[in-house]
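Working notes, structure below.
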Amino acid sequence: MSLRIKVQHGFAGFDLDVDIDLPHGVSVLFGPSGSGKTTLINAVAGLLRPDHGRIAVDDWVLLDTTGRRNLAPHRRRIGYIFQDARLFPHLTVRQNLAYGRWFAPRDARVESMDRTVDLLGIGHLLARRPGTLSGGEKQRVAIGRALLSGPRLILADEPLAALDEARKAEILPYFERLRDEVAVPILYVSHASAEVARLATTVVALREGRVIACGPPAQVLGDVGVVGARGAASLLTARVVAHHADGLTELATGAGTLWLPRIGDAAGATLQVRIMAQDVILSRDRPVGLSALNILHGTISDLRLGDGPGAMVTLAVDEDRLSARITRRSVEAMGLAKGQTCHAVIKTVAVAPDDIGTGRPSPPSHD
Amino acid sequence: MSLRIKVQHGFAGFDLDVDIDLPHGVSVLFGPSGSGKTTLINAVAGLLRPDHGRIAVDDWVLLDTTGRRNLAPHRRRIGYIFQDARLFPHLTVRQNLAYGRWFAPRDARVESMDRTVDLLGIGHLLARRPGTLSGGEKQRVAIGRALLSGPRLILADEPLAALDEARKAEILPYFERLRDEVAVPILYVSHASAEVARLATTVVALREGRVIACGPPAQVLGDVGVVGARGAASLLTARVVAHHADGLTELATGAGTLWLPRIGDAAGATLQVRIMAQDVILSRDRPVGLSALNILHGTISDLRLGDGPGAMVTLAVDEDRLSARITRRSVEAMGLAKGQTCHAVIKTVAVAPDDIGTGRPSPPSHD
Amino acid sequence: MGSDWASWLGPAEWQAVRLSIRVSFWATLASLPLGIFVAYALARWDFWGKQVLNGIVHLPLILPPVVTGYLLLITFGRRGPVGEFLDAWFGIVLSFRWTGAAVAAAIMAFPLMVRAIRLAIEAVDPKLEAAASTLGASRPWVFATVTLPLILPGIIAGSILAFAKAIGEFGATITFVSNIPGQTQTIPSAIYAFLQVPGGQDSATRLVIIAIIIAMAALLLSEYLARRVAKRVAGS
Amino acid sequence: MGSDWASWLGPAEWQAVRLSIRVSFWATLASLPLGIFVAYALARWDFWGKQVLNGIVHLPLILPPVVTGYLLLITFGRRGPVGEFLDAWFGIVLSFRWTGAAVAAAIMAFPLMVRAIRLAIEAVDPKLEAAASTLGASRPWVFATVTLPLILPGIIAGSILAFAKAIGEFGATITFVSNIPGQTQTIPSAIYAFLQVPGGQDSATRLVIIAIIIAMAALLLSEYLARRVAKRVAGS
Amino acid sequence: AEDLTIFAAASLTNALDSVAEAWTAETGLAAIVSYAGSSALANQIQQGAPADIFISASVDWMDAVDSSGDLRQGTRRDILGNTLVLIAHGQDVTPVTIDENLDLAGMLGNDRLSMALVDAVPAGIYGKAALTSLGLWDSVEPLVAQSDNVRAALAFVALNEAPLGIVYATDAAVADNVSIIGTFPAGSHAPIIYPAAITAQSDSAHAEAFLDYLASDTARAIWQSYGFSVVE
Ligand SMILES: Nc1ncnc2c1ncn2[C@@H]1O[C@H](COP(=O)(O)OP(=O)(O)OP(=O)(O)O)[C@@H](O)[C@H]1O
Ligand SMILES: Nc1ncnc2c1ncn2[C@@H]1O[C@H](COP(=O)(O)OP(=O)(O)OP(=O)(O)O)[C@@H](O)[C@H]1O
Ligand SMILES: [Mg+2]
Ligand SMILES: [Mg+2]
């Protein structure tokens, strides 16, 4: 029980009504445009006083409308990365970055300026003022500014939306590090399901101001109603066995060996690997001669036919579930049914670095 | 030869030097944050007067610094979707949308307001002012405003970045329609390679103010140096054969039959289907019993080993190329070599609606 | 107005009140277009002699009102170069007329009006104007449809400053058009006259109160309008 | 100043020039903190009596200067309630001192200063202030580090208006602190005295030119400062 | 205090400056003069202004200061007199006799008669009284343009905005483009008197001496050279 948010707020034509209890780690807010993500985050930041509500980080109550408590934003020690960067136009990039540090208490753990600047690739911008920065440059400075303020809680509203894939891939691990090493709770808005899967300890799906799902990503992301069939994915627990000379890493899962492009973790580490349901091919017999290296096996625990041409087949592999999205035609042709054993073919390269989460904390409890 | 842009411009610490000739259709600008995309688009819009340059749409010269011609922005008849929505705060959403129409010449082809509003899902916002719209709502209104001005040239700077996948999927076909039916040239900035692949007639890759690649998407997107290995994709030409009762569409390609989830085009239509290199599994023998329905065959025309564990294998299928990204280990285990014939396994569901472009105009020439 | 009210002031005083309102209203309204134009030029254009224009606009603030009034007199008076021209060509006579009082008030209030509007123009984001131009609006249209609505609060502020100043203006007015009851005797002239005689304070006080009431009403109206405009922009 | 220059004006006139500069400078500087505070309150807070405060701020504009001067005289004069109090408790005497002239000028210029600063404050995006508060800045810090730098152009504009007005102020000053050479005789009072007698025009003209030069210098300085500030914010 | 501060009606500027200069030359003592409207000065003295001597252009304001107890008893005296004249624009003018038969309204036609404020400023008050006693007031009243001081009234005539004006002889004497075309008979208005007095709060040792000096031969010569008459 760590970040507890209970908020009711009405705008003309829009009602937000949320009551969630988020464990430590990264909670990703997920939902269509206008579903209330920014509104919710603003309430946590103290920039919006909701009609009713209570917001607390552990025992530290930020807001309680019944108890008349409403901590001013500057006492909440948050690092808020705004959807619209909101840099200070009269300060240089360097001064923008240093702004939060001025006000951080002496004992706050503040990131190193140099490292952050390096990571964000904004070293050459330090002397400039924000007026002429490009869209992505602004966003990167905004990320740096929030992270460098030594926050006790990070609010990130689509921080990476304006960035290219390569830059995203560089910055994402940083959030992971904050989550794992620094243990700062993070509330993160994202539209990108890769980001969600990679970072999230908990996923909160919003629609029209209500929570339609809240729980660990394996559960929420497997929910076709939430993410859509194309977004469905499973998370497999895997242990690093060895790194091989040809650049592949061998992992052991309950369903067999998994070969992935080299990953950073040392042998013995336990990981969560996200596998998109649409990347899995099924076969009754063990296929041979394929370029795909990973052939896992399991028992069909669930089989759901969609309205369209698709079907979702879930295999129980050890403790985990592995979903495959295939056509109904294949289900019929292969005669698949619950309880059968089956092989799952997964390409090594289908698993992107994004999809491997490191040292995820103990699975969150869902309230 | 349609949109010709030759621009040189220097900011302190940044030089833009571009000379490209873009055929009709959608030209996608692609490149990391700060590479000069917005700067280039501003020059086309007339909001930035470059140090040197010439910009012309067919014979219509917008700018010629040697000839001292510099058409004022309001005479350029552009629909510019800004990276930062730039809605008029004092006008309602409806008035914002109608703004451009006021100034459109009588003979301009202007989209229907109702249809556009429906498509963008902003009907319930019409009476509001932009001040309190959410990030994605603003962006959608900005798209509508530009499209409704009856432009002869559309400039779109990351128009969909703030939107969720579902909304993106709804709006993308609209740009396609503009490209194909209305035949408005479109200059489109995007970081998302799915968008690029889907929309682009031509892809221009920028880096640090220079063009590092410019050409048809099949060529630029297959270039690992430009898109990175994970972004590599091929485009297959396919003809719709029939729609089947189980929700699948049968297409004929030079390499065999392709089964995809139902698509909208009528039998006989010719399409371009994007297939991500990482979604392709190779097999020397024709595999059986797999859930994957599509098994194409071709001859290995190129085989490149990467620095890491990966390799890129390209098959010649009929006129097209089909790339597969597999591990070096598999290349060795399967003993693949140039000139061999090979089977390619592609899951039906791996091809998203995004990946199917309709009625792409004749392939662009690269200058 | 009830008869009690009306009789609280003598008829000559009522005349001064009516005249003051008329003079201040027209002084404000008539100088507004030029005020907006000059403010725009100073805020957005770079031209030769800009600082000279800026200086001239501020002159009435710097000079003692008597001097401004005197300069007006020798320029716009019947025998002054401009005055003669206006009379000969347009039949416009300013001297000893309420129109002259309005001109004097407008000129005295001009720097205040221009500065307020200029500040507002400088606060408008040029990116919005650029957006309007890409949508096909020419410069004048951009101004009319984007800049002007966005600077409305500044225009309101400038107008109320000008109106208040015009209500209080005295030195330049009396020097330029003297004090003719019913023609050019505004509230401040009347107040001044009362203060010049021993024991005139009471009558002066009555007029002071009237002046305050008029200006406060204008002020409240302006605040109300500005608030409405601001609310519209903020969204509501 | 060369001796030619110095002799162009008599010693009494030089005295008036020096005094005017001193009075205007201090009038502007000393009223700035209160001006910023009042402008902020009017722009951002809602409180009981806000419109009353707003009205009081505008009073000096609405009233004929003579009236303002008279009110100052009976309030802050040596026998006035406030004047007596200030004298008894703090030893501050305003009446018939240059400090009194500065107070009169400051009060006359106050509405102009407040309005300029208020417009600037209203143009500051509250979202930036909110961003600063999330970064740990308390209200006063937000004001000092975000609002204040962003309204600098407005503060400069307000100050130059106030300074120019103070240079030209006459009616209230002469009524409040009289026209004592070396003590309270500012440039406009001196001009007034010269204009009262035949043959005084030449000396008056000289002083008018001096007043214009001083105000223009201040104006140019303010434009330069404002431009620098604006450039910094625009970037590069 | 050594310094002497004199509050004097603005119309005395120059003349009083010359007198003060002469006094300083003779005695070596400084005299500072503050010129403003009599009403402002009177108010200021009533509010404790540091004036030693008050010279008013109006008997009424001196009375006001007297009755509020701000004058030193027994020091008040009338020192100067002035005459009221009718002036016209230009040099080339025909003199008129000012009496009941003067067709002033006819001379004006549609133009204006420039005067100081007829209910507030002394020159205007005297002028109105004179016109009234001559029976001319009713006919010219609608044509009167009033100024807040005599100099401004003079300026209108000098610039030919108004063809005729009523001002003090002292003002008319020196102005360009203006000629005196008649003098108002002494009996048509109350005598124009500049009273002077020492204020109650004065602690100057030289105030009495200066007041006396105002009537000295040197001072008389100066006054007369500026067109004032000296009260015997
Ligand atoms: N007015 C300016 N002065 C100085 N440098 C500028 C100016 N405008 C842009 N730049 C710089 O030029 C480079 C290109 O900017 P541009 O906005 O075109 O990038 P972009 O490709 O659109 O990036 P993004 O994807 O982040 O929006 C950036 O490094 C930016 O900082
Ligand atoms: N002050 C307000 N007044 C009225 N409606 C508002 C206000 N603020 C937000 N809304 C509405 O509330 C809804 C939720 O807004 P919010 O900004 O939280 O959306 P969001 O989930 O962040 O969307 P996006 O992904 O587009 O940023 C939107 O429909 C928005 O228009
Ligand atoms: Mg949002
Ligand atoms: Mg950009």
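Ordering of the structure tokens sets the chain letters (A, B, ...); residue numbers start at 1 within each chain; ligands are numbered from 1 in the order shown.
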
Within-7 Å residues of ligand 1, basis only C-alpha atoms and all ligand atoms, as a PyMOL selection string = (chain A and resi 132-137+162-163) or (chain B and resi 11-14+31-40) or (chain D and resi 236)

Any idea what's packed within 8 Å of segment 343-347 of chain B, counting only C-alpha atoms, ignoring anything in its chain fewer than 2 positions away? Could you give it as JSON, numbers by chain?
-> {"A": [278, 279, 281, 326], "B": [279, 280, 281, 282, 283, 284, 285, 286, 291, 292, 293, 294, 295, 296, 297, 298, 341, 349, 350, 351]}

Between D:Glu169, D:Glu122, D:Glu223, D:Glu84, single out the one closest to chain E, counting only C-alpha atoms.
-> D:Glu84

Selection near segment 177-184 of chain C, 6 Å with only C-alpha atoms, sequence-local residues under 2 positions removed, as number ranges by chain | C: 15, 95-98, 173-175, 186; E: 145-147

Quick one: write out the picked residues with C-alpha atoms as a PDB file, in the first residue's frame?
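Printed below is out-v9.pdb as written:
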ATOM      1  CA  GLN C  15     -23.698  71.491 -17.104  1.00  0.00           C
ATOM      2  CA  SER C  95     -10.676  76.851 -29.890  1.00  0.00           C
ATOM      3  CA  PHE C  96     -13.218  77.718 -27.209  1.00  0.00           C
ATOM      4  CA  ARG C  97     -15.272  74.646 -28.160  1.00  0.00           C
ATOM      5  CA  TRP C  98     -15.888  71.437 -26.286  1.00  0.00           C
ATOM      6  CA  THR C 173      -7.698  72.281 -21.166  1.00  0.00           C
ATOM      7  CA  ILE C 174      -8.115  75.644 -19.532  1.00  0.00           C
ATOM      8  CA  THR C 175      -4.982  76.966 -21.185  1.00  0.00           C
ATOM      9  CA  THR C 186     -15.469  70.796 -17.221  1.00  0.00           C
TER      10      THR C 186
ATOM     11  CA  ALA E 145     -13.533  83.186 -21.910  1.00  0.00           C
ATOM     12  CA  GLN E 146     -12.005  82.671 -18.500  1.00  0.00           C
ATOM     13  CA  SER E 147      -8.527  81.521 -17.691  1.00  0.00           C
TER      14      SER E 147
END

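Scanning segment 155-276 of chain A with DSSP on the backbone, the alpha helix (DSSP H) assignments fall on Glu165, Ala166, Arg167, Lys168, Ala169, Glu170, Ile171, Leu172, Pro173, Tyr174, Phe175, Glu176, Arg177, Ser193, Ala194, Glu195, Val196, Ala197, Arg198, Leu199, Pro217, Ala218, Gln219, Val220, Leu221, Val224, Gly225, Val226 and Val227 of chain A.
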
Based on the selection just made, write C-alpha atoms of those residues as a short mmCIF file (atom, residue, chain, number, x, y, z; two decimals), in the first residue's frame.
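The result, written out as result17.cif:
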data_model
loop_
_atom_site.label_atom_id
_atom_site.label_comp_id
_atom_site.auth_asym_id
_atom_site.auth_seq_id
_atom_site.Cartn_x
_atom_site.Cartn_y
_atom_site.Cartn_z
CA GLU A 165 12.62 5.72 -30.73
CA ALA A 166 16.35 5.82 -30.20
CA ARG A 167 16.13 8.56 -27.62
CA LYS A 168 13.21 6.84 -25.90
CA ALA A 169 15.27 3.67 -25.63
CA GLU A 170 18.00 5.65 -23.92
CA ILE A 171 15.78 7.40 -21.42
CA LEU A 172 13.48 4.54 -20.41
CA PRO A 173 16.11 2.66 -18.38
CA TYR A 174 16.57 5.80 -16.35
CA PHE A 175 13.01 5.64 -15.13
CA GLU A 176 13.55 2.00 -14.34
CA ARG A 177 16.56 2.88 -12.28
CA SER A 193 2.03 -0.01 -24.73
CA ALA A 194 5.70 -0.88 -25.05
CA GLU A 195 6.49 1.76 -22.46
CA VAL A 196 3.65 0.54 -20.30
CA ALA A 197 4.80 -3.04 -20.40
CA ARG A 198 8.37 -2.19 -19.75
CA LEU A 199 7.99 0.19 -16.86
CA PRO A 217 0.64 -5.33 -16.20
CA ALA A 218 0.46 -9.05 -16.93
CA GLN A 219 -3.16 -8.93 -15.98
CA VAL A 220 -4.21 -5.60 -17.46
CA LEU A 221 -2.19 -5.96 -20.64
CA VAL A 224 -8.10 -7.47 -24.65
CA GLY A 225 -10.93 -5.22 -23.54
CA VAL A 226 -8.38 -2.78 -22.16
CA VAL A 227 -5.47 -2.82 -24.54
#
